Structure formats: structure tokens, C-alpha cells
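Below is input-v1.txt, holding compact mmCIF, C-alpha atoms.
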```txt
# COMPACT_ATOMS: atom_id res chain seq x y z
CA LYS Y 1 -16.01 42.15 -0.58
CA ALA Y 2 -17.14 41.56 -4.13
CA GLY Y 3 -20.18 43.45 -5.32
CA VAL Y 4 -23.31 42.25 -7.05
CA THR Y 5 -22.56 40.59 -10.36
CA GLN Y 6 -24.91 40.13 -13.27
CA THR Y 7 -24.54 38.05 -16.39
CA PRO Y 8 -24.66 38.56 -19.24
CA ARG Y 9 -24.06 42.31 -19.45
CA TYR Y 10 -25.58 42.64 -22.90
CA LEU Y 11 -28.12 40.55 -24.73
CA ILE Y 12 -29.89 40.83 -28.06
CA LYS Y 13 -32.97 38.70 -28.61
CA THR Y 14 -35.78 38.45 -31.13
CA ARG Y 15 -39.46 38.93 -30.40
CA GLY Y 16 -41.07 35.73 -29.18
CA GLN Y 17 -37.90 34.29 -27.72
CA GLN Y 18 -37.24 33.84 -24.04
CA VAL Y 19 -34.29 35.00 -21.96
CA THR Y 20 -32.72 34.18 -18.60
CA LEU Y 21 -30.68 36.68 -16.64
CA SER Y 22 -28.48 35.79 -13.71
CA CYS Y 23 -27.52 37.63 -10.53
CA SER Y 24 -25.02 36.79 -7.79
CA PRO Y 25 -25.53 38.85 -4.62
CA ILE Y 26 -22.94 40.20 -2.23
CA SER Y 27 -21.65 37.47 0.03
CA GLY Y 28 -23.88 37.18 3.09
CA HIS Y 29 -26.84 38.92 1.48
CA ARG Y 30 -29.93 36.75 1.36
CA SER Y 31 -32.34 39.06 -0.42
CA VAL Y 32 -32.29 39.69 -4.15
CA SER Y 33 -34.53 42.20 -5.93
CA TRP Y 34 -34.97 42.84 -9.62
CA TYR Y 35 -35.83 46.13 -11.29
CA GLN Y 36 -36.50 47.16 -14.86
CA GLN Y 37 -35.17 50.52 -16.03
CA THR Y 38 -36.45 52.21 -19.18
CA PRO Y 39 -36.28 55.84 -20.32
CA GLY Y 40 -40.05 56.17 -20.29
CA GLN Y 41 -41.03 54.37 -17.11
CA GLY Y 42 -37.88 54.81 -15.05
CA LEU Y 43 -37.02 52.21 -12.42
CA GLN Y 44 -39.78 49.72 -11.73
CA PHE Y 45 -39.78 46.91 -9.20
CA LEU Y 46 -40.18 43.41 -10.61
CA PHE Y 47 -39.87 41.06 -7.62
CA GLU Y 48 -37.91 40.26 -4.48
CA TYR Y 49 -36.68 36.94 -3.14
CA PHE Y 50 -35.45 35.96 0.29
CA SER Y 51 -34.30 32.48 1.22
CA GLU Y 52 -35.68 31.06 -2.03
CA THR Y 53 -39.14 32.55 -1.44
CA GLN Y 54 -40.72 35.36 -3.40
CA ARG Y 55 -41.83 37.93 -0.83
CA ASN Y 56 -43.14 40.60 -3.15
CA LYS Y 57 -43.96 41.08 -6.80
CA GLY Y 58 -44.42 44.22 -8.86
CA ASN Y 59 -47.04 44.93 -11.47
CA PHE Y 60 -45.62 42.99 -14.40
CA PRO Y 61 -47.24 40.30 -16.55
CA GLY Y 62 -46.73 36.64 -15.83
CA ARG Y 63 -44.15 36.45 -18.63
CA PHE Y 64 -41.71 37.80 -16.06
CA SER Y 65 -40.66 35.25 -13.49
CA GLY Y 66 -37.78 34.61 -11.18
CA ARG Y 67 -36.29 32.25 -8.71
CA GLN Y 68 -33.64 32.12 -6.06
CA PHE Y 69 -31.31 29.28 -5.26
CA SER Y 70 -30.06 28.04 -1.91
CA ASN Y 71 -26.81 29.98 -2.35
CA SER Y 72 -28.89 33.18 -2.78
CA ARG Y 73 -28.05 33.49 -6.46
CA SER Y 74 -31.08 34.48 -8.50
CA GLU Y 75 -32.32 34.25 -12.04
CA MET Y 76 -35.10 36.03 -13.82
CA ASN Y 77 -36.78 34.79 -16.94
CA VAL Y 78 -38.79 36.63 -19.53
CA SER Y 79 -40.78 34.50 -21.95
CA THR Y 80 -42.32 35.50 -25.27
CA LEU Y 81 -40.26 38.65 -25.53
CA GLU Y 82 -41.87 41.85 -26.78
CA LEU Y 83 -40.20 44.95 -28.15
CA GLY Y 84 -41.24 46.81 -25.01
CA ASP Y 85 -39.15 44.47 -22.88
CA SER Y 86 -36.01 46.20 -24.11
CA ALA Y 87 -34.53 47.69 -20.97
CA LEU Y 88 -31.74 47.64 -18.44
CA TYR Y 89 -32.48 44.93 -15.88
CA LEU Y 90 -30.93 45.63 -12.52
CA CYS Y 91 -30.42 43.21 -9.70
CA ALA Y 92 -29.93 44.38 -6.13
CA SER Y 93 -29.04 42.54 -2.97
CA SER Y 94 -29.54 43.28 0.71
CA LEU Y 95 -29.18 41.54 4.04
CA GLY Y 96 -32.90 40.97 3.91
CA TRP Y 97 -33.91 40.17 7.46
CA VAL Y 98 -33.31 43.34 9.48
CA GLN Y 99 -36.05 45.90 8.95
CA GLY Y 100 -34.05 48.86 7.68
CA ALA Y 101 -31.28 46.80 6.16
CA ALA Y 102 -33.79 44.94 4.02
CA TYR Y 103 -34.27 48.15 2.06
CA GLU Y 104 -30.58 49.05 1.88
CA GLN Y 105 -30.03 47.59 -1.54
CA TYR Y 106 -26.79 47.33 -3.48
CA PHE Y 107 -27.08 47.15 -7.22
CA GLY Y 108 -25.22 45.27 -9.89
CA PRO Y 109 -24.17 46.78 -13.22
CA GLY Y 110 -27.27 45.52 -14.98
CA THR Y 111 -28.04 43.49 -18.07
CA ARG Y 112 -28.89 45.51 -21.16
CA LEU Y 113 -31.57 43.56 -23.07
CA THR Y 114 -32.44 44.58 -26.60
CA VAL Y 115 -35.40 42.93 -28.29
CA THR Y 116 -35.57 43.20 -32.09
CA ALA J 117 -49.25 53.95 -2.51
CA GLN J 118 -46.00 55.70 -1.88
CA SER J 119 -44.48 57.96 -4.50
CA VAL J 120 -41.29 59.94 -5.01
CA THR J 121 -41.01 63.21 -6.89
CA GLN J 122 -37.81 64.69 -8.20
CA PRO J 123 -39.01 67.96 -9.71
CA ASP J 124 -35.83 68.76 -11.62
CA ILE J 125 -35.22 66.59 -14.67
CA HIS J 126 -31.91 68.22 -15.57
CA ILE J 127 -29.61 70.56 -13.64
CA THR J 128 -26.43 72.21 -14.88
CA VAL J 129 -23.89 73.65 -12.46
CA SER J 130 -20.37 74.99 -12.77
CA GLU J 131 -17.52 73.05 -11.26
CA GLY J 132 -16.90 74.28 -7.73
CA ALA J 133 -20.45 75.53 -7.28
CA SER J 134 -22.79 74.14 -4.66
CA LEU J 135 -25.51 71.67 -5.51
CA GLU J 136 -28.93 70.81 -4.17
CA LEU J 137 -31.13 68.13 -5.70
CA ARG J 138 -34.70 68.01 -4.53
CA CYS J 139 -36.72 64.99 -3.51
CA ASN J 140 -40.24 64.82 -2.11
CA TYR J 141 -41.99 61.66 -1.06
CA SER J 142 -45.53 60.69 -0.31
CA TYR J 143 -45.93 58.24 2.53
CA GLY J 144 -47.77 58.29 5.84
CA ALA J 145 -45.07 57.18 8.22
CA THR J 146 -41.35 57.89 8.24
CA PRO J 147 -39.95 55.91 5.35
CA TYR J 148 -36.50 54.61 4.69
CA LEU J 149 -34.85 57.13 2.37
CA PHE J 150 -31.98 56.71 -0.05
CA TRP J 151 -30.03 58.55 -2.71
CA TYR J 152 -28.36 56.65 -5.54
CA VAL J 153 -26.13 57.79 -8.38
CA GLN J 154 -25.91 56.21 -11.81
CA SER J 155 -23.21 56.88 -14.38
CA PRO J 156 -23.98 56.10 -18.04
CA GLY J 157 -24.17 52.38 -18.70
CA GLN J 158 -23.68 51.54 -15.04
CA GLY J 159 -25.73 50.28 -12.15
CA LEU J 160 -26.83 52.36 -9.18
CA GLN J 161 -24.39 53.28 -6.43
CA LEU J 162 -25.73 54.02 -2.95
CA LEU J 163 -24.71 57.52 -1.84
CA LEU J 164 -26.45 57.72 1.51
CA LYS J 165 -29.42 56.57 3.54
CA TYR J 166 -31.75 57.76 6.29
CA PHE J 167 -33.51 55.39 8.64
CA SER J 168 -34.02 57.43 11.80
CA GLY J 169 -32.24 59.75 14.21
CA ASP J 170 -30.17 62.72 13.11
CA THR J 171 -31.95 64.31 10.17
CA LEU J 172 -28.71 65.37 8.46
CA VAL J 173 -26.90 62.37 7.05
CA GLN J 174 -23.49 62.17 5.47
CA GLY J 175 -22.69 59.97 2.53
CA ILE J 176 -19.87 59.08 0.22
CA LYS J 177 -18.15 61.44 -2.21
CA GLY J 178 -18.84 64.48 0.00
CA PHE J 179 -22.64 64.33 -0.33
CA GLU J 180 -25.10 64.97 2.46
CA ALA J 181 -28.88 64.98 2.69
CA GLU J 182 -31.38 66.43 5.10
CA PHE J 183 -34.67 64.79 6.07
CA LYS J 184 -37.45 67.28 6.75
CA ARG J 185 -40.57 65.54 7.98
CA SER J 186 -42.76 68.66 7.80
CA GLN J 187 -41.95 69.08 4.11
CA SER J 188 -41.76 65.35 3.23
CA SER J 189 -38.42 66.11 1.66
CA PHE J 190 -35.00 64.53 1.52
CA ASN J 191 -32.81 66.89 -0.48
CA LEU J 192 -29.28 66.00 -1.53
CA ARG J 193 -26.51 68.57 -1.22
CA LYS J 194 -22.86 69.00 -2.00
CA PRO J 195 -20.90 72.16 -1.19
CA SER J 196 -18.54 72.01 -4.16
CA VAL J 197 -19.26 69.98 -7.28
CA HIS J 198 -16.53 68.20 -9.22
CA TRP J 199 -16.68 67.36 -12.92
CA SER J 200 -16.77 63.67 -11.98
CA ASP J 201 -20.12 64.22 -10.22
CA ALA J 202 -21.87 64.48 -13.59
CA ALA J 203 -24.34 61.59 -13.57
CA GLU J 204 -27.99 60.83 -12.89
CA TYR J 205 -29.22 60.91 -9.32
CA PHE J 206 -32.16 58.95 -7.97
CA CYS J 207 -34.05 59.38 -4.75
CA ALA J 208 -35.71 56.22 -3.41
CA VAL J 209 -38.13 55.31 -0.66
CA GLY J 210 -38.69 52.06 1.17
CA SER J 211 -41.99 52.01 2.97
CA GLY J 212 -41.40 49.19 5.39
CA ALA J 213 -44.51 47.13 6.09
CA GLY J 214 -42.88 44.12 4.54
CA SER J 215 -42.93 45.28 0.94
CA TYR J 216 -39.14 45.02 0.55
CA GLN J 217 -39.21 47.18 -2.54
CA LEU J 218 -37.79 50.59 -3.27
CA THR J 219 -39.86 53.20 -5.08
CA PHE J 220 -37.72 55.51 -7.16
CA GLY J 221 -38.11 59.03 -8.44
CA LYS J 222 -37.63 59.68 -12.15
CA GLY J 223 -34.12 60.95 -11.56
CA THR J 224 -32.24 64.22 -11.98
CA LYS J 225 -29.49 64.40 -14.55
CA LEU J 226 -26.59 66.54 -13.42
CA SER J 227 -24.29 68.23 -15.92
CA VAL J 228 -21.13 69.98 -14.73
CA ILE J 229 -19.56 72.84 -16.66
CA PRO J 230 -15.76 72.91 -16.30
```

C-alpha cells encoding of this file:
Amino acid sequence: KAGVTQTPRYLIKTRGQQVTLSCSPISGHRSVSWYQQTPGQGLQFLFEYFSETQRNKGNFPGRFSGRQFSNSRSEMNVSTLELGDSALYLCASSLGWVQGAAYEQYFGPGTRLTVT
Amino acid sequence: AQSVTQPDIHITVSEGASLELRCNYSYGATPYLFWYVQSPGQGLQLLLKYFSGDTLVQGIKGFEAEFKRSQSSFNLRKPSVHWSDAAEYFCAVGSGAGSYQLTFGKGTKLSVIP
């Protein structure tokens, strides 16, 4: 079974621009979560989607948004990029509807975003 | 709010030596507990998980972890470390209650001396 895939793997953007990152979950997984990883803050939860609905959102500004499509694929968007948005953005998928399994998350390789 | 503490930022062990990475969590009920490993430039790989039942759980790559409710701990162990185990290890907690998010510790970087 193929794992979680994320595109692109690397991205360089300029302050003020916007960016869209894509995530394809493991086949059969209906939940997709996004995390931001930085050396200073570690791994921080951005949001989680299940069946095209956002079920939970972390403590990030409104510039960070996401969506999920009917095939469970997900995208996240960051508008008006700031230098501090430079990070590794990780997508994770899970089955999503069974209590424990909803937290058993499988991660993709990440998208490394650099903002200059 | 739940939290996860990994008190050791960096650990160095010799190849063949045993390993224990510490993890303490703060949460009222029994949480869902996980250990992940991350190699440089890579995503996180799930090593093992604890939901309920037997408090000693086995994972991939020869790792095991023990849940101790009285100590709010979920320490990761391996009897004999291989050079390929050098990586960063993260402990994570899922609280249930419909949050669907994992809270991670800051990670422990493991270096292995040949």
C-alpha cells in the first residue's frame, strides 16, 4: 500500500506571496492532519479534516487554511507569507472514524518551505 | 491542556549498547501514546503505539515501550542499538475527546558511536 505523498517536496517563496501544498493520504484513510515543524517550536498541529470537514484547528493565524476533497486528498494554503513561515510542513493520514485509530497517524515526507 | 516532556535533548550511545528514551505526559485520563522516529530530511515513521491493555508494547525495528500510569510515562527501549538507529525520536499523545490531534514532545536526538 502506498504511503502518504506530499508535493512539492521543496519550495522557495518570497515574503508576501502565497503557497499551496498538497497531500494524498494512504488509500482508505479519510482523515488528513497537517503539522508545522520548526527547530524552535517543534511539531505543532495546524488542522485536521475528515470527509471534507475541518474537525479541529490549531492555534495559527487565519493566513493558514486548508481543505479536503471528496477523494480525501488535502491541500493547505498559506497566504501573505512571512519569514517565520519557513518550516517543514507535514501531512498525516489516519482511518479517522475509529476512536484509537483516528490518532494513529501516518506521515508523509513533508514539504520544506523556505520564505526569503 | 495535555503536554509531553522528553527531558533528554540529545543522547549518545555506543553501538550494541542498550537504549532508553524517556517520555512523560500530562493528561487526566489514559491517552493514546505513540513513538515516532525521524531521519534527517524525512517525515515521521510510527514505531509503536499504546491504546490499552498490556502495558509493554512491541514495535518495529526491535523497539519496545512501557506505559506506567503511576508515573505518567511511556519510555522507549531497545536492548541493542545499531548505527542505523541514529535519528530523532518523538513521543506523542492523543487525548481523545474528539480533538483528533497529536501533541508531540520536543524530541530526543540519538547519536550512535560505532

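Nearest residue to J:Val120 among Y:Pro61, Y:Val4, Y:Leu88, Y:Leu43 is Y:Leu43, counting only C-alpha atoms.
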
Legend entry - For chain J, the nearest of the candidates Y:Thr20, Y:Thr116, Y:Ser94, Y:Ser79, counting all atoms listed in the file: Y:Ser94

Inset, instruction - With a cut-off of 12 Å and counting all atoms listed in the file, select all residues of chain J in contact with chain Y and give the selection as a ChimeraX atom specification. - result: /J:119-120,146-168,204,206-224

Box time for stretch 175-186 of chain J: axis-aligned, enclosing all its listed atoms, 4 Å extra on each side; report centre and edge lengths in Å to one decimal, as lines of an AutoDock Vina configuration file.
```
center_x = -30.5
center_y = 63.9
center_z = 2.9
size_x = 32.6
size_y = 17.6
size_z = 18.2
```

Inset, instruction - Between atom CA of Y:Gln36 and atom CA of Y:Ile12, measure the distance and give it in Å to one decimal. - result: 16.1 Å

Inset, instruction - For stretch 63-66 of chain Y, work out the shell of residues within 6 Å, counting all atoms listed in the file and skipping chain neighbours fewer than 6 positions away, then give it as a list in words. - result: Glu75, Met76, Asn77, Val78 and Ser79 of chain Y

Inset, instruction - In Å, rounded to a single decimal, give me how far atom CA of Y:Asp85 is from atom CA of Y:Thr7. - result: 17.2 Å

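If you look at atom CA of J:Gln174 and atom CA of J:Val129, they are 21.3 Å away from each other.
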
Please tabulate, as JSON lines, the residues of stretch 167-229 of chain J that come within 7 Å of stretch 138-141 of chain J, each with its closest pair of atoms and the distance in Å to one decimal, counting all atoms listed in the file and ordering rows by chain, then residue number upward.
```
{"residue": "J:Ser188", "atom": "CA", "partner": "J:Asn140", "partner_atom": "CA", "distance": 5.6}
{"residue": "J:Ser189", "atom": "CA", "partner": "J:Asn140", "partner_atom": "CA", "distance": 4.4}
{"residue": "J:Phe190", "atom": "CA", "partner": "J:Cys139", "partner_atom": "CA", "distance": 5.3}
{"residue": "J:Asn191", "atom": "CA", "partner": "J:Arg138", "partner_atom": "CA", "distance": 4.6}
{"residue": "J:Leu192", "atom": "CA", "partner": "J:Arg138", "partner_atom": "CA", "distance": 6.5}
{"residue": "J:Cys207", "atom": "CA", "partner": "J:Cys139", "partner_atom": "CA", "distance": 6.3}
```

Inset, instruction - Show which residues sit within 6 Å of Y:Ala87, as a ChimeraX atom specification. Count all atoms listed in the file, and ignore same-chain residues fewer than 5 positions away. - result: /Y:37-38,113

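You can rank J:Ser227, J:Glu136, J:Val197, J:Leu172 by their closest distance to J:Arg185 using only C-alpha atoms, and at the top of that list sits J:Leu172.
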
If I put a ball of radius 9 Å at (-31.3, 40.6, -32.0) in the file's coordinates, which residues poke into it when counting only C-alpha atoms, written as a short mmCIF file (atom, residue, chain, number, x, y, z; two decimals) with C-alpha atoms, in the coordinates of the input?
```cif
data_model
loop_
_atom_site.label_atom_id
_atom_site.label_comp_id
_atom_site.auth_asym_id
_atom_site.auth_seq_id
_atom_site.Cartn_x
_atom_site.Cartn_y
_atom_site.Cartn_z
CA LEU Y 11 -28.12 40.55 -24.73
CA ILE Y 12 -29.89 40.83 -28.06
CA LYS Y 13 -32.97 38.70 -28.61
CA THR Y 14 -35.78 38.45 -31.13
CA ARG Y 15 -39.46 38.93 -30.40
CA THR Y 114 -32.44 44.58 -26.60
CA VAL Y 115 -35.40 42.93 -28.29
CA THR Y 116 -35.57 43.20 -32.09
#
```
